[in-house]
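Chemist: Shown below is the structure under consideration.
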Number of protein chains: 4
Amino acid sequence: MIIVMQQNATKDDVQKIVAKIEHAGLKTHLSVGEEVTILGVIGDKSKLDIDAIAAETSVQKVVPITESYKLANKKFHPEPSRFAVKNTFIGPDNLAIMAGPCAVETEEQLMCIAKAVKKAGATILRGGAYKPRTSPYSFQGLEEEGLKYMKTASDETGLATICEVTSAHAVESAVKYVSMLQVGARNMQNFELLKEVGKTKLPVLLKRGLSATIDEWLNAAEYIMASGNPNVALCERGIRTYETSTRNTLDLSAVCVLKERTHLPVIVDPSHATGVRSYVEPLAKAAVACGADGLMIEVHNDPAHALSDGPQSLTFEQFDSVMEHIKPYAELSGRRI
Amino acid sequence: MIIVMQQNATKDDVQKIVAKIEHAGLKTHLSVGEEVTILGVIGDKSKLDIDAIAAETSVQKVVPITESYKLANKKFHPEPSRFAVKNTFIGPDNLAIMAGPCAVETEEQLMCIAKAVKKAGATILRGGAYKPRTSPYSFQGLEEEGLKYMKTASDETGLATICEVTSAHAVESAVKYVSMLQVGARNMQNFELLKEVGKTKLPVLLKRGLSATIDEWLNAAEYIMASGNPNVALCERGIRTYETSTRNTLDLSAVCVLKERTHLPVIVDPSHATGVRSYVEPLAKAAVACGADGLMIEVHNDPAHALSDGPQSLTFEQFDSVMEHIKPYAELSGRRI
Amino acid sequence: MIIVMQQNATKDDVQKIVAKIEHAGLKTHLSVGEEVTILGVIGDKSKLDIDAIAAETSVQKVVPITESYKLANKKFHPEPSRFAVKNTFIGPDNLAIMAGPCAVETEEQLMCIAKAVKKAGATILRGGAYKPRTSPYSFQGLEEEGLKYMKTASDETGLATICEVTSAHAVESAVKYVSMLQVGARNMQNFELLKEVGKTKLPVLLKRGLSATIDEWLNAAEYIMASGNPNVALCERGIRTYETSTRNTLDLSAVCVLKERTHLPVIVDPSHATGVRSYVEPLAKAAVACGADGLMIEVHNDPAHALSDGPQSLTFEQFDSVMEHIKPYAELSGRRI
Amino acid sequence: MIIVMQQNATKDDVQKIVAKIEHAGLKTHLSVGEEVTILGVIGDKSKLDIDAIAAETSVQKVVPITESYKLANKKFHPEPSRFAVKNTFIGPDNLAIMAGPCAVETEEQLMCIAKAVKKAGATILRGGAYKPRTSPYSFQGLEEEGLKYMKTASDETGLATICEVTSAHAVESAVKYVSMLQVGARNMQNFELLKEVGKTKLPVLLKRGLSATIDEWLNAAEYIMASGNPNVALCERGIRTYETSTRNTLDLSAVCVLKERTHLPVIVDPSHATGVRSYVEPLAKAAVACGADGLMIEVHNDPAHALSDGPQSLTFEQFDSVMEHIKPYAELSGRRI
């Protein structure tokens with residue numbers, strides 16, 4: 001951590017800050033420049049009240065150098081993580097394919113989709129039972145009923161399942177029926193929810209917030225891990241930018257950055273990122289090419305009658321084709337599919 | 001609502017869409033252009049499955065024309081809203097001043113701050129008992145203990161109080177102790193929480209999400225109102241942009257936009273928006289000048305020892321000065337302070 | 001300047017960097033932490049090839065501490081700048097009002113607008129003769145003919161005039177006819193153009209680029225100043241964000257930041273920032289309230305027939321009203337209008 | 001084009017707008033809804049003054065439906081474009097590789113790099129002679145001297161060459177020495193420069209502006225094409241977002257969007273987009289996987305002594321490795337390299 005003093009800070013001001021830091025058991029290195037004085041801080045920053053130092057009027061700014069996340073940090077766990085989801089797994093050597101409808105609508109619909117995506121090669125069935133929707137007047141999901149259909153589909157097909165949870169109450173229900181929990185983009189910094197999923201034993205897919213920095217995202221993962229659950233995968237699903245040609249801007253550089261900073265697996269969701277069916281295949285290929293550990297893709301038996309996110313859902317034929325076309329990319333990147 | 005057909009859509013494709021819309025009891029107006037065919041849709045869109053139409057392969061895009069929020073919409077409630085918060089109120093003619101520490105730390109601290117902000121002219125004491133923090137290792141708030149201090153401070157000074165809630169459990173506690181609930185930026189689209197505060201009888205301050213559009217924000221207010229609680233105020237607190245000189249970019253145009261679209265009161269928080277103490281006064285003046293119904297300002301007895309957000313907190317002297325200096329601006333805009 | 005070494009950097013790596021810096025005549029302060037080693041660099045950074053250091057594989061990142069702009073920097077020129085524009089001036093104590101049409105259309109139109117804005121209290125007539133338009137098929141301006149009308153309007157009314165220049169050729173023409181040059185947002189980093197206006201003796205209004213940081217903006221001003229022209233004013237005109245309710249997001253915090261970092265005057269353009277006529281007055285008031293040295297406002301005799309930017313142009317009556325209503329705000333901020 | 005009337009617009013207001021449009025020789029379709037009245041406009045919009053209509057007080061907004069670019073539009077030229085650059089070409093079936101230093105420094109440096117990139121498989125040598133730099137105190141390029149070195153390198157190795165131009169004057173020089181011109185991100189909307197390169201016979205690489213929408217970018221290409229030069233390639237090089245882990249955010253969705261909207265070839269520059277050497281290879285693969293027609297990659301004989309952009313430049317060994325590793329991706333996408 002670097003502390004940059006105000007231009008007009010006196011020796012006494014500097015001494016006061018030094019005393020504060022050393023009082024917390026850390027060391028400082030003083031560097032007096034022509035225009036500015038800076039202080040390097042050495043030691044365990046968790047013992048230090050950083051905001052209090054930044055609040056001193058003699059301090060211009062505090063520049064963090066090391067990361068605040070520990071459990072998610074690759075520095076302390078250089079090997080990539082790998083964990084089971086029912087009978088499959090997420091991690092190196094594997095390309096996890098999560099596919100299914102945005103929202104669970106009926107048992108028949110879900111079963112029909114489950115069979116189709118399994119046949120095409122998916123290993124995890126996705127389906128939403130609790131839908132966070134912008135307007136209170138839109139379809140909000142089947143809730144526990146939807147979870148039951150997920151369980152039935154899993155039992156019949158053998159697929160693992162993943163479902164978004166939006167409250168402590170939903171977590172309580174979901175753990176009874178599905179193989180993996182998802183925290184959605186809008187809840188990435190719903191810290192109470194992160195703690196709740198952290199207390200379960202199910203693996204968690206943590207979607208990136210609409211405008212979350214990579215560091216905030218890793219700190220959100222840290223919340224789950226610090227609550228006792230080490231099995232977290234991160235899902236890039238597009239960030240909010242000024243560009244309106246796509247629903248969000250898929251940030252594939254984030255895959256590269258994450259691979260450098262964390263040992264957690266990274267999944268890419270080209271369906272939600274773009275909101276456009278025809279962009280799913282090329283961006284799925286790109287995601288695999290730059291190192292993603294898996295894909296999340298929306299598939300629907302009848303997109304034009306989907307209750308949610310129809311425009312981006314693939315038909316069965318389209319999904320078959322995507323699976324066929326990404327196979328050689330998975331091979332090139334040394335992953336089984 | 002306007003439906004733009006694909007360039008290669010056939011007459012049959014168009015007819016299929018028209019049939020779908022008319023089947024839902026709405027009317028269409030067909031407009032066949034040289035390059036493109038568009039359909040205007042007339043009637044109650046809530047009867048229509050818009051996503052299903054957008055999902056048709058013959059449809060290029062759907063352009064919404066009317067807003068999806070109704071209760072928050074100025075079209076249907078042209079008069080500005082006004083509601084009581086304990087013994088004061090938020091609404092036209094008044095400039096509501098919410099002031100206090102970011103986080104409640106001790107009873108003494110809170111009481112000391114409460115007296116100081118009251119003396120300077122604040123009417124609502126702010127103070128956080130549940131703190132959403134980026135890192136799980138930062139101070140997370142005193143929880144119910146903090147709420148009790150808020151109640152004591154309110155009882156002693158007569159100030160109304162506002163506290164952020166971050167879960168259904170926190171709502172349950174807070175309603176026993178404070179006068180107004182706050183939903184923070186990170187929870188703006190935590191729809192389960194919105195429904196919970198919507199079920200209470202306390203007024204709610206809904207902060208804008210870090211990258212929420214104004215329409216998403218009004219839809220979030222609609223969640224609260226549709227759950228039975230009409231007393232919602234909106235708080236602009238800066239949006240996330242590429243600019244790093246300030247913590248966020250305060251969007252004062254949003255005040256103007258909101259005044260055109262909704263009857264709900266608008267509060268501005270220059271402390272969180274900028275993260276810099278010296279920018280609070282000029283932006284508070286600007287907020288009042290462009291029509292805000294109130295201000296939320298962080299004040300601390302000892303900013304350099306604040307457990308949260310010290311760098312942007314004002315000292316008592318600074319807050320006195322801000323209050324003194326914004327008075328003539330309040331008068332110019334026809335508001336009591 | 002702080003150099004953060006890679007976690008795995010050896011003592012030799014560090015020594016190599018230290019040698020490089022000292023060879024350039026600067027000093028270093030070494031700070032060896034538990035996780036990371038950092039180097040503080042002291043002295044004149046212009047002697048150092050910073051990119052070359054950042055490119056070393058042993059270096060993780062370089063954190064600049066001091067600013068690269070010198071002539072525009074308030075540190076070295078604490079007094080606010082002030083300069084004449086024909087018979088008026090821009091600087092402290094004054095509120096400069098630049099008003100007029102987006103594009104000069106005819107001599108009659110311009111004369112009519114010039115008289116109206118003068119009567120209402122404007123001191124500088126704005127009018128575009130070279131229009132940078134998104135599409136090559138839109139009206140591109142009257143060029144030199146338009147400049148001549150500007151001169152005639154100035155001669156008849158006594159108003160100073162300002163016109164955007166878009167090329168070296170336009171600069172050559174404009175200096176013959178107008179009192180002040182404008183560099184538009186799209187050309188903020190057209191460094192060749194900055195050097196050209198820097199060689200003239202006319203004051204320059206430098207608009208902020210659509211997504212320029214404040215530091216990039218000040219460096220662009222530095223280009224003009226380093227070419228010999230000290231009379232630069234900065235114009236905040238909205239930045240590009242994800243929000244679509246307004247054309248751009250007016251960043252009034254930038255006024256506060258600039259007032260801290262530079263001695264150059266700051267103008268605010270609420271017309272281009274929002275693109276909406278009814279938002280001009282409230283945001284003009286807000287701009288004055290937070291410290292702007294002037295306003296740029298679009299006024300047209302017949303907005304519905306304007307060849308450019310009609311939706312945001314004020315009618316004469318509206319402009320009279322804005323001028324009337326901002327007067328008390330100018331007085332509060334200690335400025336003549 | 002759709003015109004949405006204000007809620008309180010009268011029949012007369014609507015009639016006035018209809019008359020205006022029909023007077024320009026276009027047709028209208030009226031659609032009177034419960035809340036709002038809309039007008040569809042049919043015919044050649046270039047005959048219409050759209051801003052004038054948007055400026056009418058009775059008009060709420062104008063929603064464009066068709067694109068303003070024509071020559072760049074895939075609708076009118078469904079086949080992908082293909083054009084020669086000296087002895088190679090850009091277009092389908094080929095993966096154009098542009099490689100070389102950010103800035104030309106000396107003849108020896110350039111020759112050494114030219115030979116190395118040619119050996120590794122590049123076909124176009126990139127090298128900057130006119131460098132747009134944020135600070136006026138940074139190295140600005142060798143100008144015409146640099147162009148001469150480019151010509152020598154081209155003559156000796158047979159490589160085609162590309163160089164950025166930043167002014168009419170630079171264009172005049174560059175056409176004498178290089179095979180292709182580049183317009184940089186900062187000049188994407190320097191319309192005078194676009195017209196200048198449009199008048200030359202050399203192919204042009206148009207980089208996307210830092211915060212340019214895809215539509216603005218295609219309109220910028222239209223400026224070049226409308227000036228007589230049909231040989232334009234577009235280069236995605238990252239957009240500005242709030243994320244700071246990478247210099248910019250590479251928008252690979254833009255490749256997919258462009259492939260749908262335009263026949264012009266699309267190049268991707270992972271070096272400038274990320275600013276980080278280790279992200280170049282994975283994102284180069286991703287670019288090829290999602291359909292790019294070429295790559296632009298920075299290579300330097302000694303990145304730690306590069307005068308510009310060292311941190312992202314590859315060494316010869318790294319570039320060899322990238323070329324080796326992207327070959328199978330080029331094959332998968334049906335392109336020669």
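Residue numbering restarts at 1 for every chain of the structure tokens, chains are lettered A, B, ... in their displayed order, and ligands are numbered from 1 as they appear.
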Enumerate the residues of region 73-141 of chain C with a DSSP assignment of helix (DSSP H, G or I), computed from the backbone, and present them as a compact mmCIF listing (two decimals) with N, CA and C atoms, in the first residue's frame.
Modeler:
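And here is the file that came out, part_30.txt:
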# COMPACT_ATOMS: atom_id res chain seq x y z
N GLU C 107 -27.06 34.94 -43.31
CA GLU C 107 -26.66 36.19 -42.67
C GLU C 107 -27.81 36.76 -41.84
N GLU C 108 -29.01 36.67 -42.39
CA GLU C 108 -30.19 37.23 -41.70
C GLU C 108 -30.43 36.48 -40.39
N GLN C 109 -30.37 35.13 -40.50
CA GLN C 109 -30.60 34.30 -39.31
C GLN C 109 -29.61 34.68 -38.22
N LEU C 110 -28.33 34.78 -38.59
CA LEU C 110 -27.30 35.01 -37.59
C LEU C 110 -27.47 36.40 -36.97
N MET C 111 -27.77 37.39 -37.78
CA MET C 111 -27.91 38.75 -37.28
C MET C 111 -29.08 38.83 -36.29
N CYS C 112 -30.15 38.19 -36.69
CA CYS C 112 -31.36 38.17 -35.85
C CYS C 112 -31.06 37.52 -34.50
N ILE C 113 -30.34 36.39 -34.52
CA ILE C 113 -30.01 35.70 -33.27
C ILE C 113 -29.01 36.53 -32.46
N ALA C 114 -28.02 37.12 -33.15
CA ALA C 114 -27.00 37.91 -32.46
C ALA C 114 -27.65 39.04 -31.66
N LYS C 115 -28.58 39.73 -32.29
CA LYS C 115 -29.25 40.84 -31.60
C LYS C 115 -30.05 40.35 -30.39
N ALA C 116 -30.70 39.24 -30.58
CA ALA C 116 -31.53 38.71 -29.49
C ALA C 116 -30.68 38.25 -28.31
N VAL C 117 -29.58 37.54 -28.57
CA VAL C 117 -28.79 37.04 -27.43
C VAL C 117 -28.06 38.20 -26.75
N LYS C 118 -27.68 39.21 -27.55
CA LYS C 118 -27.03 40.37 -26.94
C LYS C 118 -27.99 41.06 -25.99
N LYS C 119 -29.21 41.26 -26.46
CA LYS C 119 -30.23 41.94 -25.65
C LYS C 119 -30.45 41.18 -24.33
N ALA C 120 -30.41 39.86 -24.40
CA ALA C 120 -30.66 39.06 -23.20
C ALA C 120 -29.44 39.03 -22.28
Chemist: Please check the contacts: residues of chain C at most 12 Å away from chain A, using only C-alpha atoms, listed as a ChimeraX atom specification.
Modeler: /C:1-8,26-45,60-67,74-76,210-211,239-244,247-249
Chemist: Could you pull the residues within 7 Å of Ala273 (chain D), counting only C-alpha atoms, minus those fewer than 2 positions along the same chain, as a list of chain:residue names?
Modeler: D:Arg237, D:Gly238, D:Arg247, D:Asn248, D:Thr249, D:Leu250, D:Asp269, D:Pro270, D:Ser271, D:Gly275
Chemist: Could you save the residues just selected, with N, CA and C atoms, as an mmCIF file, in the first residue's frame?
Modeler:
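This went into part.cif:
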data_model
loop_
_atom_site.group_PDB
_atom_site.id
_atom_site.type_symbol
_atom_site.label_atom_id
_atom_site.label_comp_id
_atom_site.auth_asym_id
_atom_site.auth_seq_id
_atom_site.Cartn_x
_atom_site.Cartn_y
_atom_site.Cartn_z
ATOM 1 N N ARG D 237 -10.150 -2.203 -31.575
ATOM 2 C CA ARG D 237 -8.946 -2.061 -30.743
ATOM 3 C C ARG D 237 -9.287 -1.759 -29.294
ATOM 4 N N GLY D 238 -10.499 -2.167 -28.896
ATOM 5 C CA GLY D 238 -10.878 -1.955 -27.505
ATOM 6 C C GLY D 238 -11.628 -0.658 -27.327
ATOM 7 N N ARG D 247 -6.147 -2.038 -20.507
ATOM 8 C CA ARG D 247 -6.142 -0.630 -20.923
ATOM 9 C C ARG D 247 -7.495 -0.231 -21.497
ATOM 10 N N ASN D 248 -8.040 -1.090 -22.365
ATOM 11 C CA ASN D 248 -9.391 -0.896 -22.893
ATOM 12 C C ASN D 248 -10.101 -2.240 -22.799
ATOM 13 N N THR D 249 -11.375 -2.271 -23.164
ATOM 14 C CA THR D 249 -12.114 -3.527 -23.171
ATOM 15 C C THR D 249 -12.294 -3.961 -24.624
ATOM 16 N N LEU D 250 -11.637 -5.055 -25.000
ATOM 17 C CA LEU D 250 -11.747 -5.554 -26.379
ATOM 18 C C LEU D 250 -13.182 -6.026 -26.602
ATOM 19 N N ASP D 269 -7.073 -5.794 -33.032
ATOM 20 C CA ASP D 269 -5.769 -5.433 -32.475
ATOM 21 C C ASP D 269 -5.752 -5.730 -30.968
ATOM 22 N N PRO D 270 -5.306 -6.942 -30.594
ATOM 23 C CA PRO D 270 -5.321 -7.283 -29.167
ATOM 24 C C PRO D 270 -4.229 -6.574 -28.373
ATOM 25 N N SER D 271 -3.199 -6.063 -29.047
ATOM 26 C CA SER D 271 -2.099 -5.409 -28.331
ATOM 27 C C SER D 271 -2.565 -4.096 -27.709
ATOM 28 N N GLY D 275 -3.133 -3.792 -23.734
ATOM 29 C CA GLY D 275 -1.946 -3.171 -23.159
ATOM 30 C C GLY D 275 -1.108 -4.136 -22.339
#
Chemist: Find the distance between CA of Glu222 (chain C) and CA of Ile267 (chain C) and write it in Å to one decimal.
Modeler: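 Between CA of Glu222 (chain C) and CA of Ile267 (chain C) the gap is 17.3 Å.
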Chemist: Quick one: everything within 7 Å of region 95-102 of chain A, counting only C-alpha atoms, minus sequence neighbours fewer than 3 positions away in the same chain. Send it as a ChimeraX atom specification.
Modeler: /A:90,113-114,117,122-128,293-300,308-309,330,335-337
Chemist: Just want the 9 Å neighbourhood of Cys163 (chain A), counted on only C-alpha atoms, with same-chain residues fewer than 3 positions away dropped. Output as a ChimeraX atom specification.
Modeler: /A:125-130,147,150,174,178-183
Chemist: In Å to one decimal, how far is CA of Ala168 (chain D) from CA of Leu218 (chain D)?
Modeler: 21.4 Å
Chemist: May I have the residues within 8 Å of Ser81 (chain B) as a PyMOL selection string, using only C-alpha atoms and disregarding those fewer than 6 positions away in the same chain?
Modeler: chain B and resi 91-92+263-265
Chemist: Restricting the output to N, CA and C atoms, write the selected residues as an mmCIF file, in the first residue's frame.
Modeler:
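Saved to result.cif:
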data_model
loop_
_atom_site.group_PDB
_atom_site.id
_atom_site.type_symbol
_atom_site.label_atom_id
_atom_site.label_comp_id
_atom_site.auth_asym_id
_atom_site.auth_seq_id
_atom_site.Cartn_x
_atom_site.Cartn_y
_atom_site.Cartn_z
ATOM 1 N N GLY B 91 -40.684 16.350 0.073
ATOM 2 C CA GLY B 91 -41.579 16.728 -1.017
ATOM 3 C C GLY B 91 -41.369 18.175 -1.392
ATOM 4 N N PRO B 92 -42.209 18.720 -2.274
ATOM 5 C CA PRO B 92 -42.019 20.079 -2.755
ATOM 6 C C PRO B 92 -42.046 21.097 -1.617
ATOM 7 N N HIS B 263 -43.388 11.401 -10.215
ATOM 8 C CA HIS B 263 -43.856 12.315 -9.162
ATOM 9 C C HIS B 263 -43.098 12.075 -7.861
ATOM 10 N N LEU B 264 -42.210 11.091 -7.845
ATOM 11 C CA LEU B 264 -41.489 10.759 -6.605
ATOM 12 C C LEU B 264 -40.408 11.810 -6.313
ATOM 13 N N PRO B 265 -40.150 12.106 -5.035
ATOM 14 C CA PRO B 265 -39.106 13.081 -4.697
ATOM 15 C C PRO B 265 -37.708 12.542 -5.027
#
